[in-house]
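Below is data_37.txt, which holds compact mmCIF, C-alpha atoms.
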```txt
# COMPACT_ATOMS: atom_id res chain seq x y z
CA MET A 250 -149.19 104.22 -10.21
CA ASP A 251 -148.81 105.66 -6.71
CA HIS A 252 -151.22 108.52 -5.93
CA GLU A 253 -148.68 110.49 -3.90
CA ALA A 254 -146.19 110.31 -6.75
CA VAL A 255 -148.90 111.37 -9.21
CA VAL A 256 -149.57 114.50 -7.16
CA ARG A 257 -145.92 115.21 -6.47
CA GLN A 258 -144.93 114.91 -10.11
CA LYS A 259 -147.90 117.01 -11.32
CA MET A 260 -148.98 114.20 -13.61
CA THR A 261 -152.36 115.85 -14.26
CA GLU A 262 -150.70 118.99 -15.58
CA ARG A 263 -148.22 116.97 -17.66
CA TYR A 264 -151.13 114.95 -19.05
CA LEU A 265 -153.17 118.04 -19.94
CA LEU A 266 -150.11 119.60 -21.57
CA ASN A 267 -149.54 116.39 -23.62
CA GLU A 268 -146.08 115.96 -22.10
CA LEU A 269 -146.32 112.26 -21.24
CA ASP A 270 -145.01 109.55 -23.51
CA SER A 271 -147.60 106.96 -24.49
CA GLU A 272 -146.58 104.36 -21.90
CA ILE A 273 -146.73 106.74 -18.93
CA ARG A 274 -149.90 108.29 -20.35
CA ASP A 275 -151.58 104.85 -20.43
CA GLU A 276 -150.47 104.17 -16.85
CA PHE A 277 -151.80 107.52 -15.69
CA GLU A 278 -155.13 106.92 -17.41
CA GLU A 279 -155.45 103.55 -15.71
CA HIS A 280 -154.78 105.34 -12.42
CA TYR A 281 -157.24 108.20 -12.80
CA PHE A 282 -160.04 105.93 -14.01
CA ASP A 283 -159.78 104.25 -10.60
CA CYS A 284 -158.86 107.23 -8.41
CA THR A 285 -161.74 109.64 -7.87
CA ASP A 286 -159.44 112.42 -6.62
CA CYS A 287 -157.34 112.31 -9.75
CA ALA A 288 -160.44 111.90 -11.95
CA ASP A 289 -161.85 115.14 -10.50
CA ASP A 290 -158.48 116.79 -11.01
CA VAL A 291 -158.27 115.69 -14.65
CA LYS A 292 -161.88 116.61 -15.45
CA ALA A 293 -161.58 120.04 -13.82
CA GLY A 294 -158.28 120.67 -15.58
CA ALA A 295 -159.58 119.56 -18.97
CA LEU A 296 -162.63 121.79 -18.60
CA PHE A 297 -160.41 124.70 -17.61
CA VAL A 298 -158.20 124.18 -20.67
CA GLU A 299 -161.17 123.90 -23.06
CA GLN A 300 -162.90 126.96 -21.66
CA SER A 301 -159.61 128.91 -21.61
CA LYS A 302 -159.29 128.38 -25.34
CA ILE A 303 -162.68 130.01 -25.85
CA GLU A 304 -161.94 132.90 -23.50
CA LEU A 305 -158.45 133.50 -24.92
CA ALA A 306 -159.83 133.43 -28.46
CA ALA A 307 -162.51 135.93 -27.43
CA ASP A 308 -159.73 138.20 -26.10
CA LEU A 309 -158.35 138.50 -29.61
CA LYS A 310 -161.63 139.32 -31.35
CA PRO A 311 -162.33 142.80 -29.91
CA ALA A 312 -158.85 143.96 -30.95
CA ALA A 313 -159.56 142.95 -34.52
CA VAL A 314 -162.93 144.67 -34.48
CA THR A 315 -161.80 147.94 -32.89
CA ARG A 316 -158.71 148.34 -35.06
CA PRO A 317 -159.29 151.48 -37.17
CA VAL A 318 -159.67 150.60 -40.81
CA MET A 319 -160.02 153.10 -43.62
CA VAL A 320 -163.01 151.93 -45.61
CA PRO A 321 -164.09 153.85 -48.71
CA THR A 322 -167.72 154.89 -48.62
CA PRO A 323 -169.63 152.50 -50.84
CA PRO A 324 -171.64 153.93 -53.68
CA LYS A 325 -175.34 154.22 -53.05
CA ALA A 326 -176.25 152.08 -56.08
CA GLY A 327 -177.85 148.69 -55.34
CA TRP A 328 -176.26 145.29 -55.83
CA LEU A 329 -178.05 144.78 -59.13
CA ALA A 330 -176.38 147.85 -60.59
CA ALA A 331 -172.98 146.62 -59.34
CA LEU A 332 -173.57 143.20 -60.91
CA HIS A 333 -174.65 144.81 -64.13
CA SER A 334 -171.46 146.89 -64.27
CA ILE A 335 -169.31 143.74 -64.00
CA PHE A 336 -170.85 142.31 -67.15
CA ARG A 337 -170.14 145.40 -69.24
CA PRO A 338 -168.10 144.38 -72.33
CA ALA A 339 -165.28 146.71 -71.29
CA ILE A 340 -164.66 144.50 -68.19
CA ALA A 341 -166.01 141.11 -69.29
CA ALA A 342 -164.01 140.85 -72.55
CA PRO A 343 -160.51 141.26 -70.99
CA VAL A 344 -161.48 138.92 -68.13
CA MET A 345 -162.57 136.24 -70.63
CA LEU A 346 -159.31 136.65 -72.56
CA LEU A 347 -157.29 136.29 -69.36
CA LEU A 348 -159.29 133.19 -68.42
CA PHE A 349 -158.63 131.57 -71.82
CA ALA A 350 -154.93 132.36 -71.47
CA VAL A 351 -154.79 130.67 -68.03
CA ILE A 352 -156.68 127.59 -69.27
CA GLY A 353 -154.41 127.34 -72.32
CA TYR A 354 -151.25 127.62 -70.18
CA GLN A 355 -152.47 124.92 -67.79
CA ASN A 356 -153.34 122.50 -70.62
CA LEU A 357 -150.23 123.09 -72.69
CA VAL A 358 -147.59 123.54 -69.99
CA THR A 359 -148.62 122.77 -66.41
CA TYR A 360 -150.52 119.48 -66.82
CA PRO A 361 -147.97 117.81 -69.19
CA HIS A 362 -145.21 118.68 -66.71
CA LEU A 363 -147.20 117.26 -63.80
CA GLN A 364 -147.98 114.07 -65.74
CA GLN A 365 -144.34 113.65 -66.63
CA ALA A 366 -143.30 114.21 -63.03
CA LEU A 367 -145.80 111.61 -61.81
CA SER A 368 -144.74 108.93 -64.28
CA THR A 369 -141.01 109.44 -63.71
CA PRO A 370 -139.46 107.36 -60.90
CA GLN A 371 -138.26 109.57 -58.07
CA VAL A 372 -135.76 109.14 -55.28
CA LEU A 373 -137.51 110.21 -52.08
CA PRO A 374 -135.75 111.40 -48.94
CA TRP A 375 -135.68 108.59 -46.37
CA ALA A 376 -134.57 107.56 -42.95
CA SER A 377 -134.27 104.23 -41.22
CA VAL A 378 -135.53 103.97 -37.64
CA ASN A 379 -135.40 101.15 -35.10
CA VAL A 380 -138.40 100.69 -32.85
CA GLY A 381 -137.66 99.96 -29.23
CA THR A 382 -133.92 100.40 -29.45
CA TYR A 383 -132.83 102.39 -26.44
CA GLY A 384 -130.19 105.04 -26.79
CA SER A 385 -130.18 105.05 -30.57
CA GLU A 386 -129.74 108.47 -32.11
CA ALA A 387 -132.72 109.91 -34.00
CA PRO A 388 -131.83 109.96 -37.71
CA ALA A 389 -132.51 113.09 -39.72
CA VAL A 390 -134.52 113.26 -42.92
CA VAL A 391 -134.27 116.39 -45.04
CA ILE A 392 -137.18 117.29 -47.33
CA LYS A 393 -138.32 120.20 -49.42
CA GLN A 394 -141.48 121.98 -48.28
CA GLY A 395 -144.44 119.62 -48.87
CA GLN A 396 -142.30 116.74 -50.18
CA SER A 397 -143.19 113.18 -49.15
CA PHE A 398 -140.57 110.96 -47.58
CA LEU A 399 -139.99 107.31 -46.68
CA LEU A 400 -139.44 105.79 -43.27
CA PHE A 401 -137.92 102.33 -43.09
CA VAL A 402 -139.28 101.15 -39.76
CA ARG A 403 -137.46 98.21 -38.22
CA ILE A 404 -139.64 96.33 -35.71
CA PRO A 405 -138.10 93.52 -33.66
CA PRO A 406 -139.66 90.28 -35.04
CA GLU A 407 -142.10 88.82 -32.53
CA GLY A 408 -143.98 85.64 -33.38
CA THR A 409 -147.14 86.42 -31.45
CA TYR A 410 -148.22 89.58 -33.30
CA THR A 411 -150.48 89.43 -36.33
CA SER A 412 -150.31 93.14 -37.03
CA TYR A 413 -149.05 96.41 -35.63
CA THR A 414 -150.53 99.87 -35.22
CA ALA A 415 -148.31 102.91 -35.35
CA GLU A 416 -149.05 106.43 -34.18
CA LEU A 417 -147.10 109.44 -35.41
CA ARG A 418 -146.62 112.40 -33.06
CA ASN A 419 -145.37 115.79 -34.16
CA PRO A 420 -142.69 117.87 -32.38
CA ALA A 421 -145.38 119.39 -30.16
CA GLY A 422 -146.39 115.89 -29.05
CA ARG A 423 -149.74 115.94 -30.85
CA SER A 424 -150.96 112.87 -32.68
CA GLU A 425 -150.90 113.25 -36.45
CA GLY A 426 -152.81 110.03 -37.05
CA SER A 427 -152.32 106.32 -36.72
CA PHE A 428 -152.15 103.53 -39.24
CA ALA A 429 -152.06 99.75 -39.36
CA ILE A 430 -149.07 97.65 -40.39
CA PRO A 431 -150.51 94.26 -41.34
CA VAL A 432 -148.21 91.21 -41.14
CA THR A 433 -149.00 88.46 -43.65
CA ALA A 434 -148.12 84.82 -43.06
CA GLU A 435 -145.55 85.02 -45.88
CA GLN A 436 -143.88 88.05 -44.34
CA LYS A 437 -143.81 86.34 -40.95
CA ALA A 438 -142.36 83.16 -42.45
CA ALA A 439 -139.70 85.19 -44.28
CA GLY A 440 -138.80 86.95 -41.01
CA GLN A 441 -139.49 90.41 -42.39
CA ASP A 442 -138.65 93.00 -39.78
CA GLN A 443 -138.54 96.22 -41.82
CA TRP A 444 -141.51 98.11 -43.26
CA PRO A 445 -141.33 101.01 -45.70
CA ILE A 446 -143.84 103.73 -44.87
CA GLN A 447 -144.47 106.74 -47.07
CA ILE A 448 -145.35 109.90 -45.16
CA SER A 449 -146.80 113.00 -46.75
CA GLY A 450 -144.78 116.17 -46.23
CA ALA A 451 -147.81 118.44 -46.53
CA ASN A 452 -148.34 120.75 -43.54
CA ARG A 453 -145.39 119.30 -41.64
CA THR A 454 -143.31 121.36 -39.25
CA PRO A 455 -139.62 120.70 -38.72
CA GLY A 456 -138.55 119.03 -35.50
CA SER A 457 -138.44 115.73 -33.72
CA TYR A 458 -141.24 113.29 -34.60
CA THR A 459 -142.04 110.13 -32.66
CA LEU A 460 -143.51 106.90 -33.97
CA SER A 461 -145.12 104.64 -31.31
CA VAL A 462 -145.76 101.06 -32.33
CA ARG A 463 -148.13 98.59 -30.65
CA GLY A 464 -148.34 94.90 -31.51
CA LEU A 465 -151.70 93.16 -31.84
CA THR A 466 -152.22 89.44 -31.28
CA ALA A 467 -154.84 87.28 -32.98
CA ALA A 468 -156.81 87.34 -29.72
CA GLY A 469 -157.06 91.12 -29.93
CA ASP A 470 -154.59 91.90 -27.14
CA SER A 471 -152.21 94.73 -27.71
CA LYS A 472 -148.88 95.64 -26.22
CA GLU A 473 -146.50 98.51 -26.73
CA VAL A 474 -143.56 97.33 -28.84
CA GLY A 475 -141.60 100.54 -28.60
CA GLN A 476 -140.96 103.96 -30.03
CA ALA A 477 -138.66 105.49 -32.59
CA SER A 478 -137.84 109.11 -33.27
CA PHE A 479 -136.57 110.97 -36.29
CA GLU A 480 -135.63 114.55 -36.94
CA LEU A 481 -137.49 116.21 -39.81
CA GLN A 482 -135.63 119.06 -41.47
CA ILE A 483 -137.38 121.18 -44.08
CA LEU A 484 -135.42 123.15 -46.64
CA LYS A 485 -136.71 126.66 -47.21
CA MET B 152 -169.67 103.70 -1.23
CA LEU B 153 -172.95 105.12 -2.50
CA HIS B 154 -175.10 106.85 0.09
CA CYS B 155 -178.73 107.97 -0.11
CA GLN B 156 -179.21 111.14 1.88
CA PRO B 157 -182.69 112.64 2.40
CA LEU B 158 -181.78 116.10 1.15
CA PRO B 159 -184.50 118.33 -0.32
CA ASP B 160 -183.59 117.98 -3.96
CA PRO B 161 -186.34 118.39 -6.59
CA ARG B 162 -184.82 115.52 -8.59
CA GLY B 163 -185.23 113.03 -5.74
CA PRO B 164 -182.87 111.59 -3.13
CA PHE B 165 -179.38 112.99 -3.32
CA LEU B 166 -176.58 110.53 -4.00
CA GLN B 167 -173.14 111.10 -2.62
CA PHE B 168 -170.35 109.18 -4.28
CA ASP B 169 -167.03 108.32 -2.67
CA SER B 170 -165.62 105.30 -4.48
CA PHE B 171 -166.70 102.21 -6.39
CA ASP B 172 -167.63 99.07 -4.46
CA GLU B 173 -169.73 95.95 -4.71
CA ALA B 174 -172.92 97.77 -3.71
CA TYR B 175 -172.42 100.26 -6.53
CA VAL B 176 -171.93 97.48 -9.09
CA GLU B 177 -174.98 95.65 -7.75
CA ARG B 178 -177.10 98.80 -8.16
CA LEU B 179 -175.85 99.10 -11.72
CA ARG B 180 -176.71 95.46 -12.37
CA THR B 181 -180.23 95.84 -11.02
CA GLY B 182 -180.78 98.92 -13.21
CA ASP B 183 -180.95 101.56 -10.48
CA PHE B 184 -181.59 104.78 -12.42
CA ARG B 185 -179.58 107.14 -10.18
CA THR B 186 -176.54 104.87 -10.20
CA GLN B 187 -176.70 104.39 -13.96
CA GLU B 188 -177.01 108.14 -14.41
CA HIS B 189 -173.97 108.71 -12.19
CA PHE B 190 -171.99 105.99 -13.98
CA GLY B 191 -172.80 107.41 -17.42
CA SER B 192 -171.96 110.97 -16.47
CA TYR B 193 -168.78 110.09 -14.55
CA PHE B 194 -167.21 107.91 -17.20
CA SER B 195 -168.47 109.88 -20.22
CA LYS B 196 -166.40 112.83 -19.05
CA LEU B 197 -163.32 110.69 -18.38
CA ILE B 198 -163.61 108.95 -21.74
CA HIS B 199 -163.96 112.27 -23.54
CA VAL B 200 -160.80 113.58 -21.86
CA LYS B 201 -158.96 110.36 -22.72
CA LEU B 202 -160.02 110.35 -26.37
CA ARG B 203 -159.67 114.05 -27.18
CA SER B 204 -156.00 113.77 -28.14
CA ARG B 205 -156.36 110.38 -29.82
CA LEU B 206 -159.29 110.74 -32.19
CA GLN B 207 -159.76 113.37 -34.80
CA SER B 208 -163.51 113.80 -35.02
CA ARG B 209 -166.30 114.23 -32.54
CA GLU B 210 -168.23 111.42 -34.26
CA ALA B 211 -165.36 109.00 -33.66
CA VAL B 212 -165.16 110.02 -29.98
CA GLU B 213 -168.89 109.49 -29.61
CA ASP B 214 -168.77 106.10 -31.39
CA VAL B 215 -165.99 104.81 -29.13
CA ARG B 216 -167.70 106.13 -26.01
CA GLN B 217 -171.01 104.48 -26.85
CA GLU B 218 -169.40 101.18 -27.83
CA THR B 219 -167.46 101.21 -24.54
CA PHE B 220 -170.71 101.53 -22.59
CA VAL B 221 -172.41 98.82 -24.66
CA ARG B 222 -169.58 96.38 -23.95
CA PHE B 223 -169.39 97.36 -20.30
CA TYR B 224 -173.09 96.65 -19.73
CA ALA B 225 -172.76 93.33 -21.60
CA ALA B 226 -169.87 92.39 -19.29
CA LEU B 227 -171.91 93.50 -16.28
CA ARG B 228 -174.83 91.29 -17.35
CA ASP B 229 -172.45 88.35 -17.83
CA GLY B 230 -171.01 88.79 -14.35
CA LYS B 231 -167.54 89.69 -15.57
CA ILE B 232 -166.96 92.53 -13.09
CA LEU B 233 -164.88 90.52 -10.66
CA HIS B 234 -163.24 93.42 -8.82
CA PRO B 235 -165.84 96.13 -8.18
CA GLU B 236 -163.26 98.32 -6.45
CA ARG B 237 -161.37 98.44 -9.76
CA LEU B 238 -164.40 99.34 -11.86
CA GLY B 239 -162.60 102.35 -13.34
CA SER B 240 -159.71 100.23 -14.59
CA PHE B 241 -162.18 97.84 -16.17
CA VAL B 242 -163.95 100.65 -18.03
CA ASN B 243 -160.56 102.00 -19.13
CA SER B 244 -159.47 98.63 -20.50
CA VAL B 245 -162.77 98.19 -22.38
CA CYS B 246 -162.29 101.67 -23.84
CA ASN B 247 -158.70 100.77 -24.86
CA ASN B 248 -159.93 97.66 -26.69
CA VAL B 249 -162.66 99.59 -28.50
CA LEU B 250 -160.15 102.28 -29.41
CA LEU B 251 -157.71 99.75 -30.89
CA GLU B 252 -160.45 98.19 -32.96
CA HIS B 253 -161.46 101.65 -34.12
CA TYR B 254 -157.84 102.33 -35.17
CA ARG B 255 -157.67 99.08 -37.07
CA ALA B 256 -160.99 99.67 -38.81
CA SER B 257 -160.23 103.22 -39.84
CA ALA B 258 -156.47 103.06 -40.41
CA ARG B 259 -156.70 102.30 -44.11
CA GLN B 260 -159.12 105.14 -44.73
CA THR B 261 -157.27 107.74 -42.63
CA PRO B 262 -154.34 109.47 -44.32
CA LEU B 263 -151.55 110.53 -42.00
CA ASP B 264 -151.91 114.20 -42.82
CA GLU B 265 -155.67 114.36 -42.37
CA ASP B 266 -156.84 117.71 -41.10
CA ASP B 267 -157.73 117.57 -37.44
CA ASP B 268 -159.65 120.80 -37.17
CA GLN B 269 -162.66 118.96 -35.87
CA ASN B 270 -161.18 117.47 -32.71
CA GLN B 271 -163.62 119.18 -30.49
CA ILE B 272 -165.28 117.44 -27.60
CA PRO B 273 -168.93 116.95 -28.47
CA ALA B 274 -171.41 119.06 -26.60
CA LEU B 275 -173.90 117.12 -24.56
CA ASP B 276 -177.59 117.96 -24.50
CA MET B 277 -178.12 120.64 -21.87
CA ASN B 278 -181.12 121.70 -19.86
CA LEU B 279 -181.56 125.19 -18.41
CA LEU B 280 -179.78 124.29 -15.16
CA ASP B 281 -176.84 122.89 -17.09
CA VAL B 282 -176.62 126.02 -19.22
CA LEU B 283 -176.57 128.23 -16.12
CA THR B 284 -173.90 126.05 -14.54
CA ALA B 285 -171.79 126.15 -17.70
CA LYS B 286 -172.12 129.93 -17.78
CA GLU B 287 -171.05 130.16 -14.14
CA MET B 288 -167.98 128.06 -14.84
CA ALA B 289 -167.15 130.05 -17.97
CA LYS B 290 -167.32 133.23 -15.85
CA LYS B 291 -164.96 131.69 -13.30
CA VAL B 292 -162.44 130.77 -16.00
CA ARG B 293 -162.65 134.32 -17.34
CA GLU B 294 -161.98 135.71 -13.84
CA ILE B 295 -159.00 133.41 -13.34
CA LEU B 296 -157.51 134.45 -16.67
CA GLU B 297 -158.14 138.15 -15.98
CA GLU B 298 -156.35 137.91 -12.64
CA MET B 299 -153.25 136.53 -14.35
CA PRO B 300 -150.44 138.84 -15.42
CA GLU B 301 -150.62 139.65 -19.14
CA ARG B 302 -147.48 137.60 -19.77
CA ASP B 303 -149.00 134.42 -18.29
CA ARG B 304 -152.16 134.94 -20.33
CA ARG B 305 -150.12 135.28 -23.50
CA LEU B 306 -148.14 132.19 -22.53
CA LEU B 307 -151.35 130.13 -22.21
CA ARG B 308 -152.71 131.61 -25.43
CA GLU B 309 -149.65 130.50 -27.39
CA ILE B 310 -149.75 127.02 -25.85
CA PHE B 311 -153.48 126.27 -25.91
CA LEU B 312 -154.82 128.40 -28.70
CA GLU B 313 -151.99 128.72 -31.17
CA GLU B 314 -150.60 125.29 -30.23
CA ARG B 315 -147.02 126.39 -30.69
CA ASP B 316 -144.14 124.15 -29.71
CA LYS B 317 -143.98 124.32 -25.90
CA ASP B 318 -140.20 124.38 -25.66
CA GLN B 319 -140.04 127.24 -28.12
CA VAL B 320 -142.76 129.20 -26.30
CA CYS B 321 -141.04 128.68 -22.94
CA HIS B 322 -137.76 129.80 -24.48
CA ASP B 323 -139.41 132.92 -25.94
CA PHE B 324 -140.95 133.83 -22.57
CA GLY B 325 -137.79 133.00 -20.60
CA VAL B 326 -139.47 130.35 -18.44
CA ASP B 327 -139.06 126.59 -18.08
CA ARG B 328 -141.59 123.79 -18.48
CA GLU B 329 -142.07 123.55 -14.72
CA TYR B 330 -143.28 127.17 -14.69
CA LEU B 331 -145.95 126.21 -17.22
CA ARG B 332 -147.06 123.25 -15.12
CA VAL B 333 -147.25 125.36 -11.96
CA LEU B 334 -149.21 128.05 -13.82
CA LEU B 335 -151.73 125.47 -15.03
CA HIS B 336 -151.80 123.79 -11.60
CA ARG B 337 -152.70 127.04 -9.82
CA ALA B 338 -155.36 127.98 -12.37
CA LYS B 339 -156.85 124.49 -12.20
CA GLN B 340 -156.92 124.54 -8.39
CA SER B 341 -158.75 127.89 -8.43
CA PHE B 342 -161.29 126.47 -10.86
CA LYS B 343 -161.66 123.09 -9.17
CA ALA B 344 -163.65 124.29 -6.15
CA LEU B 345 -166.43 125.56 -8.39
CA TYR B 346 -166.18 122.47 -10.57
CA LEU B 347 -166.63 120.15 -7.60
CA LYS B 348 -169.61 122.20 -6.42
CA ASN B 349 -171.25 121.56 -9.80
CA ASN B 350 -169.88 118.07 -10.22
CA ASP B 351 -172.90 116.85 -12.19
CA ALA B 352 -172.63 119.66 -14.67
CA PRO B 353 -172.17 118.91 -18.38
CA GLU B 354 -169.08 119.59 -20.42
CA PHE B 355 -168.72 123.04 -21.85
CA ASN B 356 -169.98 123.54 -25.35
CA THR B 357 -166.73 123.96 -27.21
CA ALA B 358 -168.25 124.01 -30.67
```

Could you quickly redo this structure as structure tokens?
Amino acid sequence: MDHEAVVRQKMTERYLLNELDSEIRDEFEEHYFDCTDCADDVKAGALFVEQSKIELAADLKPAAVTRPVMVPTPPKAGWLAALHSIFRPAIAAPVMLLLFAVIGYQNLVTYPHLQQALSTPQVLPWASVNVGTYGSEAPAVVIKQGQSFLLFVRIPPEGTYTSYTAELRNPAGRSEGSFAIPVTAEQKAAGQDQWPIQISGANRTPGSYTLSVRGLTAAGDSKEVGQASFELQILK
Amino acid sequence: MLHCQPLPDPRGPFLQFDSFDEAYVERLRTGDFRTQEHFGSYFSKLIHVKLRSRLQSREAVEDVRQETFVRFYAALRDGKILHPERLGSFVNSVCNNVLLEHYRASARQTPLDEDDDQNQIPALDMNLLDVLTAKEMAKKVREILEEMPERDRRLLREIFLEERDKDQVCHDFGVDREYLRVLLHRAKQSFKALYLKNNDAPEFNTA
């Protein structure tokens, strides 16, 4: 990577803002590990970002503290007296009854429904994506809030790889974890090129997700195979 | 080039670093303390920056960093540093290999939706001088932020702190992505002079 181009294109800022795709990011890292000017730039920038988070968070705290809040004056009695009052039969008996009602409802209604739902086959939302296919449109997958979904990931068959690793990035470009895709000898012999991957829908945000796949050889070398994107839509 | 200059420093001769070369690698190989200290500090910071968006826990970052150094010194002993001027690239490639092995080892145990609240850069052990330096740099960051218009401060808060989608934030503030880069570039340049003055300072404690 050419140093002048790095400066001109503000690669450090793009890197710190997580704007680079994985290939360019790797190239930039190789550059700044060798280039002391860029290394200083990256280290100073990363420190600034980290410290800014602390300072900006501190900005918010005084507002929360100084906001006027109407607080009733607590009674002068000690904590023991307060604890004692909680256990008075007038309070404890209805609370116990309510507790028994909740436990009974869970055992008689909620858990049987959950068990039935778990043992019943379900059709999950899915999408099929092609890794490393340029210009292909990102397919959409529509889920309910928190619902899991399936990705059928098609990876071009390549004889030299013994496994793959895939990294999922959210719409903001942040990594949401990586996972291995092992390739058995039987799968390789059968020419399998599609892998079903179940992805949890918990805590997902709608938007465009990217899956980056790297191939690993038996010697431990790795190479980027390609990327695939899909559009996650969440029904309200 | 690594120079020894007879400056009055209580910690001994002052080392000024420009770039990596054969003499630097030779000093590392012979166990020169100052050079090893510089090497460890220089690449620890770079490795932390590299790993912060890739690994989800400070323990994992620390494991990969330490394993990278172990393998580097093994390669150094075995005479595998063939291009001293590209020492940084070599360290980066060792780190990449360790990282891939870490992914493979932990992939089966790491669910995709694992909480990543703990992706903080680990704090290094600090002495009094380091603490004072960190405080000085924290003060400088505070000054830079205070000099910004309120809108720019809010923009950074939503990007860095609340981690909102950048396109959406830029749309809400009526700016484009280039504005964000220039804003960060200017802030970083203001901060960099102080950073370079305290180049041996530790990372901030972000815990």

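For the set B:Lys286, B:Lys339, B:Arg228, B:Arg216, the residue with the smallest atom-to-atom gap to Lys196 (chain B) is B:Arg216, counting all atoms listed in the file.
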
Handout entry: 8 Å contact set for Glu278 (chain A), all atoms listed in the file, chain neighbours under 3 positions out, as JSON, numbers by chain
Key = {"A": [274, 275, 281, 282], "B": [201, 243]}

Using 9 Å as the limit and counting only C-alpha atoms, can you tabulate each residue of chain A that touches chain B, with its shortest atom-to-atom distance in Å and the two atoms involved, as a Markdown table?
```
| residue | atom | partner | partner_atom | distance |
| --- | --- | --- | --- | --- |
| A:Lys259 | CA | B:Arg332 | CA | 7.4 |
| A:Thr261 | CA | B:His336 | CA | 8.4 |
| A:Glu262 | CA | B:Arg332 | CA | 5.6 |
| A:Arg263 | CA | B:Arg332 | CA | 6.9 |
| A:Leu266 | CA | B:Arg332 | CA | 8.0 |
| A:Asn267 | CA | B:Ser204 | CA | 8.3 |
| A:Glu278 | CA | B:Lys201 | CA | 7.4 |
| A:Glu279 | CA | B:Ser240 | CA | 5.5 |
| A:His280 | CA | B:Ser240 | CA | 7.4 |
| A:Tyr281 | CA | B:Gly239 | CA | 8.0 |
| A:Phe282 | CA | B:Gly239 | CA | 4.5 |
| A:Asp283 | CA | B:Gly239 | CA | 4.4 |
| A:Cys284 | CA | B:Gly239 | CA | 7.9 |
| A:Thr285 | CA | B:Ser170 | CA | 6.7 |
| A:Ala288 | CA | B:Leu197 | CA | 7.1 |
| A:Asp289 | CA | B:Leu347 | CA | 7.5 |
| A:Asp290 | CA | B:Lys343 | CA | 7.3 |
| A:Val291 | CA | B:Val200 | CA | 7.9 |
| A:Lys292 | CA | B:Leu197 | CA | 6.8 |
| A:Ala293 | CA | B:Lys343 | CA | 5.6 |
| A:Gly294 | CA | B:Lys339 | CA | 5.3 |
| A:Ala295 | CA | B:Val200 | CA | 6.8 |
| A:Leu296 | CA | B:Phe355 | CA | 7.0 |
| A:Phe297 | CA | B:Lys339 | CA | 6.5 |
| A:Val298 | CA | B:Phe311 | CA | 7.4 |
| A:Glu299 | CA | B:Thr357 | CA | 6.9 |
| A:Gln300 | CA | B:Ala289 | CA | 6.4 |
| A:Ser301 | CA | B:Val292 | CA | 6.6 |
| A:Lys302 | CA | B:Leu312 | CA | 5.6 |
| A:Ile303 | CA | B:Thr357 | CA | 7.4 |
| A:Glu304 | CA | B:Arg293 | CA | 6.4 |
| A:Leu305 | CA | B:Arg308 | CA | 6.1 |
| A:Ala306 | CA | B:Leu312 | CA | 7.1 |
| A:Thr414 | CA | B:Arg255 | CA | 7.4 |
| A:Leu417 | CA | B:Leu263 | CA | 8.0 |
| A:Pro420 | CA | B:Asp316 | CA | 7.0 |
| A:Ala421 | CA | B:Asp316 | CA | 4.9 |
| A:Gly422 | CA | B:Asp316 | CA | 8.6 |
| A:Arg423 | CA | B:Ser204 | CA | 7.2 |
| A:Ser424 | CA | B:Arg205 | CA | 6.6 |
| A:Glu425 | CA | B:Leu263 | CA | 6.2 |
| A:Gly426 | CA | B:Leu263 | CA | 5.1 |
| A:Ser427 | CA | B:Ala258 | CA | 6.4 |
| A:Phe428 | CA | B:Ala258 | CA | 4.5 |
| A:Ala429 | CA | B:Ala258 | CA | 5.6 |
| A:Ile448 | CA | B:Leu263 | CA | 7.0 |
| A:Ser449 | CA | B:Asp264 | CA | 6.6 |
| A:Gly450 | CA | B:Asp264 | CA | 8.1 |
| A:Ala451 | CA | B:Asp264 | CA | 7.0 |
| A:Asn452 | CA | B:Asp264 | CA | 7.5 |
| A:Arg453 | CA | B:Asp264 | CA | 8.4 |
| A:Leu465 | CA | B:Leu251 | CA | 9.0 |
| A:Gly469 | CA | B:Asn248 | CA | 7.8 |
| A:Asp470 | CA | B:Asn248 | CA | 7.9 |
| A:Ser471 | CA | B:Leu251 | CA | 8.1 |
```

Exercise for the section: Quote the spacing between CA of Tyr175 (chain B) and CA of Leu233 (chain B) in Å to one decimal place. Expected result: 13.0 Å

Practice task
Between A:Ala254, A:Ala339, A:Ala376, A:Leu346, single out the one closest to Phe398 (chain A), counting all atoms listed in the file.
Solution key: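 Closest to Phe398 (chain A) of all the choices is A:Ala376.
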
Handout entry: Coordinates-based distance that separates CA of Pro405 (chain A) from CA of Val245 (chain B) (Å, one decimal)
Key =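 We find that CA of Val245 (chain B) and CA of Pro405 (chain A) lie 27.5 Å from each other.
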
Practice task
Have a look at B:Glu287, B:Arg337, B:Arg302, B:Phe190 and name the one nearest to Cys321 (chain B); count all atoms listed in the file.
Solution key: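 Among the listed residues, B:Arg302 lies closest to Cys321 (chain B).
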
Handout entry: Straight-line distance linking CA of Val282 (chain B) with CA of Asn349 (chain B), stated in Å to one decimal
Key =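 Separation between CA of Val282 (chain B) and CA of Asn349 (chain B): 11.7 Å.
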
Handout entry: Residue contacts of Gln441 (chain A) (10 Å, only C-alpha atoms) excluding same-chain residues fewer than 6 positions away, as a PyMOL selection string
Key = chain A and resi 403-406+432-433+435

Handout entry: Residues near Thr411 (chain A), cut-off 10 Å, only C-alpha atoms, skip fewer than 2 positions along chain, as a ChimeraX atom specification
Key = /A:407-409,413,430-434,437,464-469

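Using all atoms listed in the file, the smallest distance between any of A:Ala341, A:Leu400, A:Ala415, A:Ala477 and Gln443 (chain A) comes from A:Leu400.
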